[in-house]
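First comes the structure, then the notes that go with it.
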Number of protein chains: 2
Amino acid sequence: MAFDDVIRLAQQKGFFFRSADSYPNSPAGFWDYGPLGVSMRNKFVELWRRSFVKREEMVEIDGAQILPRAVFEASGHLSGFTDPFVRCAKCGSVFRPDKLVEEKTGEQVPEKLSDSDYDALMEKSGVKCQKCGSKLAGTSRFNMMFRVGIGPLQEEAYLRPETCQSIFVDFPLLFKTQRIKLPVGFAQVGRSFRNEIAPRQALIRVRELNQAEVEVFFNPSRTDDPRFDELASTQLRMQMADGSEKQISAGEAVSQGVVPNKLIGHHLALLVRFYEAAGLAGDVLRFRVLSEKDRAFYSKAAFDLEAKLSVGWVELVACNYRSDYDLSRHSKQSGTDFRVDDNGEKVLPHVFELSMGVDRSIYAILETSMRVEGERRSLALKPYLAPMKAGVFPLVNKDGLPEMAQKVYSALANDFDVFLDDSGSIGRRYARADEVGVPYCVTVDYDSLKDGTVTLRERDTRSQERVKAEELGTRIGGLTRFPPVFG
Amino acid sequence: MAFDDVIRLAQQKGFFFRSADSYPNSPAGFWDYGPLGVSMRNKFVELWRRSFVKREEMVEIDGAQILPRAVFEASGHLSGFTDPFVRCAKCGSVFRPDKLVEEKTGEQVPEKLSDSDYDALMEKSGVKCQKCGSKLAGTSRFNMMFRVGIGPLQEEAYLRPETCQSIFVDFPLLFKTQRIKLPVGFAQVGRSFRNEIAPRQALIRVRELNQAEVEVFFNPSRTDDPRFDELASTQLRMQMADGSEKQISAGEAVSQGVVPNKLIGHHLALLVRFYEAAGLAGDVLRFRVLSEKDRAFYSKAAFDLEAKLSVGWVELVACNYRSDYDLSRHSKQSGTDFRVDDNGEKVLPHVFELSMGVDRSIYAILETSMRVEGERRSLALKPYLAPMKAGVFPLVNKDGLPEMAQKVYSALANDFDVFLDDSGSIGRRYARADEVGVPYCVTVDYDSLKDGTVTLRERDTRSQERVKAEELGTRIGGLTRFPPVFG
């Protein structure tokens with residue numbers, strides 16, 4: 001489905017829409033979630049929590065979004081989290097040099113060039129200001145963290161550009177108090193902030209984002225994850241650094257050295273299983289293996305999980321074997337010992353990170369779920385991710401049908417997200433429900449008054465059956481249940 | 001229970017703790033939630049969502065936390081959201097003048113004084129710098145919003161000081177797309193930011209806070225809420241503006257004019273029912289009626305819901321009849337028509353707001369739930385708010401008991417937050433579970449292997465019974481279920 005169709009659906013039905021849109025010239029890159037978006041995102045987070053936090057017995061935290069300067073000195077964001085930009089000498093417009101060159105030449109510009117390399121490329125391709133056509137100044141650097149000042153003295157602090165820094169900083173305290181052992185995953189879902197120069201593509205590149213991050217702490221000399229066999233047969237599609245493609249099992253990936261160890265192989269497999277459960281089938285997903293020069297200097301291996309969407313391959317999760325970089329830097333900067341005991345050995349744990357973009361994932365699920373057959377539009381969401389589980393419809397608004405529909409609705413509302421709809425023809429009501437992915441519709445008709453049964457209609461097959469009203473809760477419960485945590 | 005005991009439990013067990021605490025001199029007023037805190041807060045939000053959003057069919061949104069300057073020009077925060085402060089001329093320390101005077105004299109200073117009134121009070125009471133004893137400069141004003149700059153041009157924007165501004169700004173779009181009618185509640189739960197001069201008392205006065213806000217939009221000429229009768233008998237304890245106290249039903253409050261109309265009476269009753277369900281019994285709560293001079297100029301009535309805690313009466317929810325102030329200001333500033341149709345009449349809705357502090361509520365529930373009997377410490381949380389529903393304990397770590405305990409655990413983990421604990425005596429494991437409010441413990445013993453039953457032990461009564469392992473899910477499901485949404 002095309003990008004514009006997704007955005008139109010999102011806006012018209014209230015999944016998400018531009019923030020402060022009633023104001024002219026509101027800044028780009030900020031989005032609000034409406035009722036269906038909030039509900040669907042909550043369900044997506046619940047699936048994530050079950051698939052990672054619960055299954056792997058992780059430690060979930062929720063940290064402050066504002067952190068002091070020292071934390072970002074240690075993390076390297078203060079010096080290194082910059083984007084290149086150029087400014088028009090005449091009209092003051094601001095652009096990214098790589099994007100200007102890409103749009104002019106149609107060729108991709110490599111990442112992480114030096115300022116002088118960008119200047120040379122701009123010179124060569126002859127780019128000008130896209131707004132007024134004037135000459136552009138040379139490349140400058142812009143730190144993408146939002147700075148804030150704390151208290152009347154305006155103490156220097158920043159909005160976190162990723163959730164994981166609180167995990168690293170809280171690690172020593174929680175390791176002590178939570179009765180845990182290595183290896184252990186820490187998890188956090190929450191808001192992060194990146195002052196993008198050119199936000200674009202709706203939820204795909206934003207300035208305020210929702211992340212779900214997992215940091216697995218482990219002893220680098222013990223990477224034989226005992227749970228590896230459970231998921232070793234999971235198929236991974238790998239786009240190798242040399243451009244070739246491999247379709248191999250997680251087990252093969254480890255034995256062939258494509259993935260450095262079982263612990264990492266286990267978590268990549270877990271990720272594929274998670275997105276399959278979210279409805280992104282295997283062929284839509286691939287891991288892009290990052291070459292040494294595309295990785296940070298401390299990174300020992302990195303894999304971007306990407307989804308094939310209408311706008312191209314989009315990174316959903318950055319997976320990065322970060323060595324002991326984070327804990328050693330925070331240990332040094334804070335003067336706190338971050339080493340922990342592992343079977344009598346004092347060790348500074350290594351970290352494997354799974355950094356998931358929640359908004360991008362929501363976008364990807366919506367795009368790949370949209371179906372059009374003739375006039376009919378539907379959203380083939382997995383029932384457990386659907387924002388609403390069922391609509392309850394009285395066939396007509398008289399003769400006691402609305403009262404019975406209200407009873408059916410109230411009984412279901414204790415356990416499920418359901419809604420009542422009594423306006424327009426039943427066909428029109430089905431169509432509205434299909435369009436926003438409601439998996440089940442319940443119609444109360446004249447027979448219902450006689451024998452206590454209702455029509456239960458399924459979204460994708462459009463099949464209908466008669467069900468006893470008192471059994472609806474059990475039926476809908478079974479049909480919309482999350483996949484089991486174990487097994 | 002004393003404040004310090006709550007903070008100690010929170011830190012030791014991982015409910016919440018100071019942010020970036022491994023760093024020396026981290027700024028005050030920022031807190032991180034640990035695993036038990038995240039889980040308990042999620043359950044609290046779920047209770048709120050059921051009691052307000054679901055029961056009243058509200059429109060829930062989740063908006064961006066950064067909003068442009070124009071929004072806060074309209075809201076009045078840019079000019080009016082300030083706190084008074086004084087600075088020591090010698091050491092540079094910063095204080096609030098009202099707090100200095102209160103701490104020196106032991107008498108309460110009225111809110112909202114002018115700068116010269118504060119100066120006069122400081123002069124009269126002879127306060128000095130609390131740090132170095134030097135003379136203090138005169139009162140200045142400090143805007144409590146955190147300012148951020150967007151993009152390389154550093155466009156002026158702010159972290160929202162309350163969640164409700166997105167609700168107001170999104171109102172016209174959502175009223176159009178969501179097929180709704182007046183009266184309608186909009187709801188949002190999320191982070192807000194207030195650059196407090198003197199954050200204190202842990203979660204009670206912080207710089208980064210979690211709010212759950214409801215804005216009810218209504219036609220001011222139709223305030224006869226048809227659902228009023230359902231809750232009219234709810235008892236409200238009112239602390240009147242003249243200092244007297246009244247214990248009256250919501251129905252009486254409306255008929256006596258203590259509460260301006262049925263719509264507002266209905267929502268005050270709803271709030272009391274919500275906190276009762278959260279475990280704050282009626283005598284811990286009161287509504288403080290704000291006098292005209294304590295209210296904002298646009299406010300037609302205001303009630304603070306307060307809880308009696310070890311640190312005094314603490315405001316949990318600010319309830320405010322805001323007239324059409326917000327919508328008219330945003331309409332004017334944005335140039336967008338915010339009026340909507342109500343039965344053929346074009347109307348700019350009035351707003352009744354319920355602005356709930358989530359962190360304060362969590363603190364209040366913890367403090368009032370802590371029990372000490374001799375050596376025994378427990379947390380009498382409502383089972384549906386408990387972060388963990390059950391612990392599963394093998395009596396000994398041999399003879400197949402751990403394997404059976406693992407099976408019991410895995411089966412329960414699909415539907416509930418449960419944990420396995422096999423370390424220490426059973427008594428010790430019960431004690432650890434009691435301390436963090438786990439309502440049920442399941443022990444697997446030798447009889448379990450023979451007859452498939454386990455011991456189910458309840459936290460508050462410490463009563464034990466034998467239950468078939470396969471019936472545990474149903475039993476624990478019933479025992480930890482949220483109160484019904486309707487009725």
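In the structure tokens, each chain is lettered A, B, ... as it comes, each chain's residues begin at 1, and ligands are numbered from 1 in order of appearance.
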
Could you name the residues that touch Lys104 in chain A at 10 Å or less, counting only C-alpha atoms, but leaving out those on the same chain fewer than 6 positions away, as a PDB file with C-alpha atoms, in the first residue's frame?
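Result went into result-v5.pdb, see below:
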```
ATOM      1  CA  ASP A  98      23.915  14.403   1.859  1.00  0.00           C
ATOM      2  CA  MET A 122      28.259  19.557  -3.113  1.00  0.00           C
ATOM      3  CA  SER A 125      27.229  18.120  -8.091  1.00  0.00           C
ATOM      4  CA  GLY A 126      26.593  21.855  -8.159  1.00  0.00           C
ATOM      5  CA  VAL A 127      23.789  21.958  -5.573  1.00  0.00           C
ATOM      6  CA  LYS A 128      22.192  25.280  -4.658  1.00  0.00           C
TER       7      LYS A 128
END
```

Any idea what's packed within 8 Å of Met240 in chain A, counting only C-alpha atoms, ignoring anything in its chain fewer than 3 positions away? Could you give it as a list of chain:residue names?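 The contact residues come out as A:Gly243, A:Ser244, A:Glu245, A:Lys246, A:Arg288, A:Val289, A:Leu290.
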
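Note that the spacing between CA of Lys389 in chain A and CA of Gly185 in chain B amounts to 21.7 Å.
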
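One finds CA of Pro387 in chain B at 17.3 Å from CA of Phe186 in chain A.
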
Which chain A residues have any atom within 6 Å of an atom of chain B, and for each, what is the nearest pair of atoms with distance in Å to one decimal, counting only C-alpha atoms, rows sorted by chain and number, as a Markdown table?
```
| residue | atom | partner | partner_atom | distance |
| --- | --- | --- | --- | --- |
| A:Gln12 | CA | B:Thr177 | CA | 5.9 |
| A:Ala20 | CA | B:Val169 | CA | 5.9 |
| A:Tyr23 | CA | B:Ser334 | CA | 4.8 |
| A:Trp31 | CA | B:Ala64 | CA | 6.0 |
| A:Asp32 | CA | B:Gly63 | CA | 4.1 |
| A:Tyr33 | CA | B:Asp62 | CA | 5.0 |
| A:Gly34 | CA | B:Ile61 | CA | 4.6 |
| A:Pro35 | CA | B:Glu60 | CA | 4.9 |
| A:Val59 | CA | B:Pro35 | CA | 5.9 |
| A:Glu60 | CA | B:Pro35 | CA | 4.9 |
| A:Ile61 | CA | B:Gly34 | CA | 4.6 |
| A:Asp62 | CA | B:Tyr33 | CA | 5.0 |
| A:Gly63 | CA | B:Asp32 | CA | 4.1 |
| A:Ala64 | CA | B:Asp32 | CA | 5.6 |
| A:Gly151 | CA | B:Ile197 | CA | 5.4 |
| A:Val169 | CA | B:Ala20 | CA | 5.9 |
| A:Thr177 | CA | B:Gln12 | CA | 5.9 |
| A:Asn195 | CA | B:Gly151 | CA | 5.7 |
| A:Ile197 | CA | B:Gly151 | CA | 5.4 |
| A:Ser334 | CA | B:Tyr23 | CA | 4.8 |
| A:Asn414 | CA | B:Val485 | CA | 5.5 |
| A:Pro484 | CA | B:Asn414 | CA | 5.7 |
| A:Val485 | CA | B:Asn414 | CA | 5.5 |
```

Give me, as a PyMOL selection string, the residues of range 192-427 of chain A that a backbone DSSP run labels alpha helix (DSSP H). chain A and resi 228-231+250-255+262-278+325-334+358-369+401-413+426-427

Where in range 49-289 of chain B does DSSP assign strand (DSSP E or B), given as a PyMOL selection string? chain B and resi 59-60+62+66-68+82-88+94-95+136+140-143+147-150+155-159+184-193+200+205+208-218+235-239+245-249+285-289

Keeping C-alpha atoms, export the residues of the selection given above as an mmCIF file, in the first residue's frame.
```cif
data_model
loop_
_atom_site.group_PDB
_atom_site.id
_atom_site.type_symbol
_atom_site.label_atom_id
_atom_site.label_comp_id
_atom_site.auth_asym_id
_atom_site.auth_seq_id
_atom_site.Cartn_x
_atom_site.Cartn_y
_atom_site.Cartn_z
ATOM 1 C CA VAL B 59 -11.394 9.874 23.505
ATOM 2 C CA GLU B 60 -7.867 8.959 24.605
ATOM 3 C CA ASP B 62 -1.128 10.597 23.372
ATOM 4 C CA ILE B 66 7.311 19.323 22.871
ATOM 5 C CA LEU B 67 4.923 22.006 21.644
ATOM 6 C CA PRO B 68 5.608 25.284 19.848
ATOM 7 C CA THR B 82 6.202 31.425 37.076
ATOM 8 C CA ASP B 83 7.513 30.835 40.573
ATOM 9 C CA PRO B 84 9.089 33.472 42.809
ATOM 10 C CA PHE B 85 12.718 33.008 43.801
ATOM 11 C CA VAL B 86 15.477 34.843 45.651
ATOM 12 C CA ARG B 87 19.181 34.490 45.220
ATOM 13 C CA CYS B 88 21.949 34.857 47.768
ATOM 14 C CA VAL B 94 18.569 29.957 45.174
ATOM 15 C CA PHE B 95 15.451 29.715 47.362
ATOM 16 C CA LEU B 136 19.381 37.840 50.000
ATOM 17 C CA SER B 140 12.561 37.541 41.005
ATOM 18 C CA ARG B 141 10.351 35.456 38.732
ATOM 19 C CA PHE B 142 11.265 32.213 37.019
ATOM 20 C CA ASN B 143 9.236 30.551 34.261
ATOM 21 C CA ARG B 147 12.605 25.699 26.853
ATOM 22 C CA VAL B 148 14.019 23.770 23.890
ATOM 23 C CA GLY B 149 15.136 24.900 20.435
ATOM 24 C CA ILE B 150 13.953 22.987 17.372
ATOM 25 C CA GLU B 155 12.856 27.569 16.856
ATOM 26 C CA GLU B 156 11.330 28.376 20.254
ATOM 27 C CA ALA B 157 9.377 25.541 21.847
ATOM 28 C CA TYR B 158 8.705 24.115 25.307
ATOM 29 C CA LEU B 159 8.258 20.821 27.076
ATOM 30 C CA VAL B 184 -17.447 14.189 25.677
ATOM 31 C CA GLY B 185 -14.352 13.522 27.757
ATOM 32 C CA PHE B 186 -10.874 13.564 26.271
ATOM 33 C CA ALA B 187 -8.157 11.783 28.225
ATOM 34 C CA GLN B 188 -4.404 11.544 28.182
ATOM 35 C CA VAL B 189 -1.791 9.891 30.338
ATOM 36 C CA GLY B 190 1.830 10.912 29.925
ATOM 37 C CA ARG B 191 4.859 12.900 30.965
ATOM 38 C CA SER B 192 4.862 16.607 31.841
ATOM 39 C CA PHE B 193 7.723 18.839 32.921
ATOM 40 C CA ARG B 200 11.261 17.789 47.295
ATOM 41 C CA ARG B 205 7.148 17.430 43.926
ATOM 42 C CA GLU B 208 9.372 15.386 35.423
ATOM 43 C CA LEU B 209 5.985 13.951 36.277
ATOM 44 C CA ASN B 210 3.372 11.492 35.043
ATOM 45 C CA GLN B 211 -0.116 12.887 34.733
ATOM 46 C CA ALA B 212 -3.461 11.384 33.830
ATOM 47 C CA GLU B 213 -5.741 14.154 32.676
ATOM 48 C CA VAL B 214 -9.372 14.269 31.650
ATOM 49 C CA GLU B 215 -10.969 17.260 29.931
ATOM 50 C CA VAL B 216 -14.746 17.051 29.685
ATOM 51 C CA PHE B 217 -16.131 19.266 26.913
ATOM 52 C CA PHE B 218 -19.752 20.289 27.276
ATOM 53 C CA GLN B 235 -20.316 10.463 49.660
ATOM 54 C CA LEU B 236 -18.026 13.471 49.229
ATOM 55 C CA ARG B 237 -16.036 15.004 52.073
ATOM 56 C CA MET B 238 -15.777 18.708 51.340
ATOM 57 C CA GLN B 239 -13.428 21.165 53.032
ATOM 58 C CA GLU B 245 -16.270 20.592 56.649
ATOM 59 C CA LYS B 246 -19.206 18.884 55.009
ATOM 60 C CA GLN B 247 -19.885 15.219 54.446
ATOM 61 C CA ILE B 248 -22.543 15.102 51.759
ATOM 62 C CA SER B 249 -23.642 12.985 48.837
ATOM 63 C CA LEU B 285 -9.548 11.784 51.022
ATOM 64 C CA ARG B 286 -11.197 15.183 50.908
ATOM 65 C CA PHE B 287 -12.102 17.790 48.352
ATOM 66 C CA ARG B 288 -10.749 21.218 49.191
ATOM 67 C CA VAL B 289 -13.090 23.849 47.726
#
```

Pick from A:Ala390, A:Ile204, A:Leu385, A:Cys129: nearest to Val311 in chain A, with only C-alpha atoms counted?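 Looking only at the distances to Val311 in chain A, the closest residue turns out to be A:Ile204.
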
Would you kindly return, as a CSV table (one decimal) with N, CA and C atoms, in the first residue's frame, each protein, DNA or RNA residue with an atom no farther than 12 Å from any atom of Cys441 in chain B, considering only C-alpha atoms and excluding same-chain residues fewer than 5 positions away?
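Printed below is part_16.csv as written:
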```csv
chain,number,residue,atom,x,y,z
B,388,MET,N,3.0,-7.8,41.1
B,388,MET,CA,3.1,-9.2,40.9
B,388,MET,C,1.9,-9.9,41.5
B,389,LYS,N,1.2,-10.8,40.8
B,389,LYS,CA,0.0,-11.4,41.3
B,389,LYS,C,0.3,-12.6,42.2
B,390,ALA,N,1.3,-13.3,41.8
B,390,ALA,CA,1.6,-14.6,42.6
B,390,ALA,C,3.1,-15.0,42.4
B,391,GLY,N,3.6,-15.5,43.5
B,391,GLY,CA,4.9,-16.2,43.5
B,391,GLY,C,4.7,-17.7,43.5
B,392,VAL,N,5.6,-18.4,42.8
B,392,VAL,CA,5.5,-19.9,42.7
B,392,VAL,C,6.7,-20.4,43.4
B,393,PHE,N,6.5,-21.2,44.4
B,393,PHE,CA,7.7,-21.7,45.2
B,393,PHE,C,7.7,-23.2,45.3
B,394,PRO,N,8.8,-23.9,44.8
B,394,PRO,CA,9.0,-25.3,45.1
B,394,PRO,C,9.5,-25.4,46.5
B,395,LEU,N,8.9,-26.3,47.3
B,395,LEU,CA,9.2,-26.5,48.7
B,395,LEU,C,10.7,-26.7,48.9
B,405,ALA,N,7.1,-26.9,39.7
B,405,ALA,CA,6.9,-25.5,39.9
B,405,ALA,C,7.1,-24.7,38.6
B,408,VAL,N,3.9,-25.0,36.6
B,408,VAL,CA,2.9,-24.1,37.2
B,408,VAL,C,3.1,-22.7,36.8
B,409,TYR,N,4.4,-22.3,36.9
B,409,TYR,CA,4.8,-20.9,36.6
B,409,TYR,C,4.5,-20.5,35.2
B,418,VAL,N,3.7,-13.1,37.3
B,418,VAL,CA,4.1,-14.1,38.3
B,418,VAL,C,5.6,-14.3,38.3
B,419,PHE,N,6.1,-14.8,39.4
B,419,PHE,CA,7.6,-15.1,39.5
B,419,PHE,C,7.8,-16.4,40.2
B,420,LEU,N,9.0,-17.0,39.9
B,420,LEU,CA,9.4,-18.2,40.6
B,420,LEU,C,10.4,-17.8,41.7
B,421,ASP,N,10.4,-18.4,42.8
B,421,ASP,CA,11.4,-18.1,43.9
B,421,ASP,C,11.7,-19.5,44.6
B,426,ILE,N,10.6,-21.4,53.0
B,426,ILE,CA,9.3,-21.0,52.6
B,426,ILE,C,8.9,-19.7,53.3
B,427,GLY,N,9.1,-19.7,54.7
B,427,GLY,CA,8.8,-18.5,55.5
B,427,GLY,C,9.4,-17.3,55.0
B,429,ARG,N,10.5,-16.8,51.9
B,429,ARG,CA,9.9,-16.4,50.6
B,429,ARG,C,8.6,-15.7,50.8
B,430,TYR,N,7.7,-16.2,51.7
B,430,TYR,CA,6.5,-15.5,52.0
B,430,TYR,C,6.7,-14.1,52.5
B,431,ALA,N,7.7,-13.9,53.3
B,431,ALA,CA,8.0,-12.6,53.9
B,431,ALA,C,8.4,-11.6,52.8
B,432,ARG,N,9.3,-12.1,51.8
B,432,ARG,CA,9.7,-11.3,50.7
B,432,ARG,C,8.5,-10.9,49.9
B,433,ALA,N,7.6,-11.8,49.6
B,433,ALA,CA,6.5,-11.6,48.8
B,433,ALA,C,5.5,-10.6,49.5
B,434,ASP,N,5.3,-10.8,50.8
B,434,ASP,CA,4.4,-9.9,51.5
B,434,ASP,C,4.9,-8.4,51.5
B,454,VAL,N,-1.7,-27.8,45.0
B,454,VAL,CA,-0.7,-27.0,45.5
B,454,VAL,C,-1.3,-26.1,46.7
B,455,THR,N,-0.5,-25.5,47.5
B,455,THR,CA,-1.0,-24.6,48.5
B,455,THR,C,-1.1,-23.2,48.0
B,456,LEU,N,-2.3,-22.6,48.1
B,456,LEU,CA,-2.5,-21.2,47.7
B,456,LEU,C,-2.7,-20.4,49.0
B,457,ARG,N,-1.8,-19.5,49.2
B,457,ARG,CA,-1.8,-18.7,50.4
B,457,ARG,C,-2.1,-17.2,50.2
B,458,GLU,N,-2.9,-16.7,51.0
B,458,GLU,CA,-3.4,-15.3,50.8
B,458,GLU,C,-2.5,-14.3,51.7
B,459,ARG,N,-2.2,-13.2,51.1
B,459,ARG,CA,-1.2,-12.3,51.8
B,459,ARG,C,-1.8,-11.7,53.1
B,460,ASP,N,-3.0,-11.1,53.1
B,460,ASP,CA,-3.5,-10.4,54.3
B,460,ASP,C,-3.9,-11.3,55.4
B,462,ARG,N,-3.2,-14.6,55.6
B,462,ARG,CA,-2.3,-15.7,55.6
B,462,ARG,C,-3.0,-17.0,55.7
B,463,SER,N,-4.2,-17.0,55.2
B,463,SER,CA,-4.9,-18.3,55.1
B,463,SER,C,-4.4,-19.2,54.0
B,464,GLN,N,-4.4,-20.5,54.1
B,464,GLN,CA,-3.9,-21.4,53.1
B,464,GLN,C,-4.9,-22.4,52.8
B,465,GLU,N,-5.0,-22.8,51.5
B,465,GLU,CA,-5.9,-23.9,51.1
B,465,GLU,C,-5.2,-24.7,50.0
B,466,ARG,N,-5.7,-25.9,49.8
B,466,ARG,CA,-5.2,-26.7,48.7
B,466,ARG,C,-6.0,-26.5,47.5
B,467,VAL,N,-5.4,-26.3,46.4
B,467,VAL,CA,-6.1,-26.0,45.1
B,467,VAL,C,-5.5,-26.9,44.1
B,472,LEU,N,-5.6,-23.2,39.1
B,472,LEU,CA,-5.0,-22.0,39.6
B,472,LEU,C,-5.3,-20.8,38.7
B,476,ILE,N,-6.8,-17.5,40.4
B,476,ILE,CA,-6.1,-16.3,40.5
B,476,ILE,C,-6.7,-15.2,39.6
```
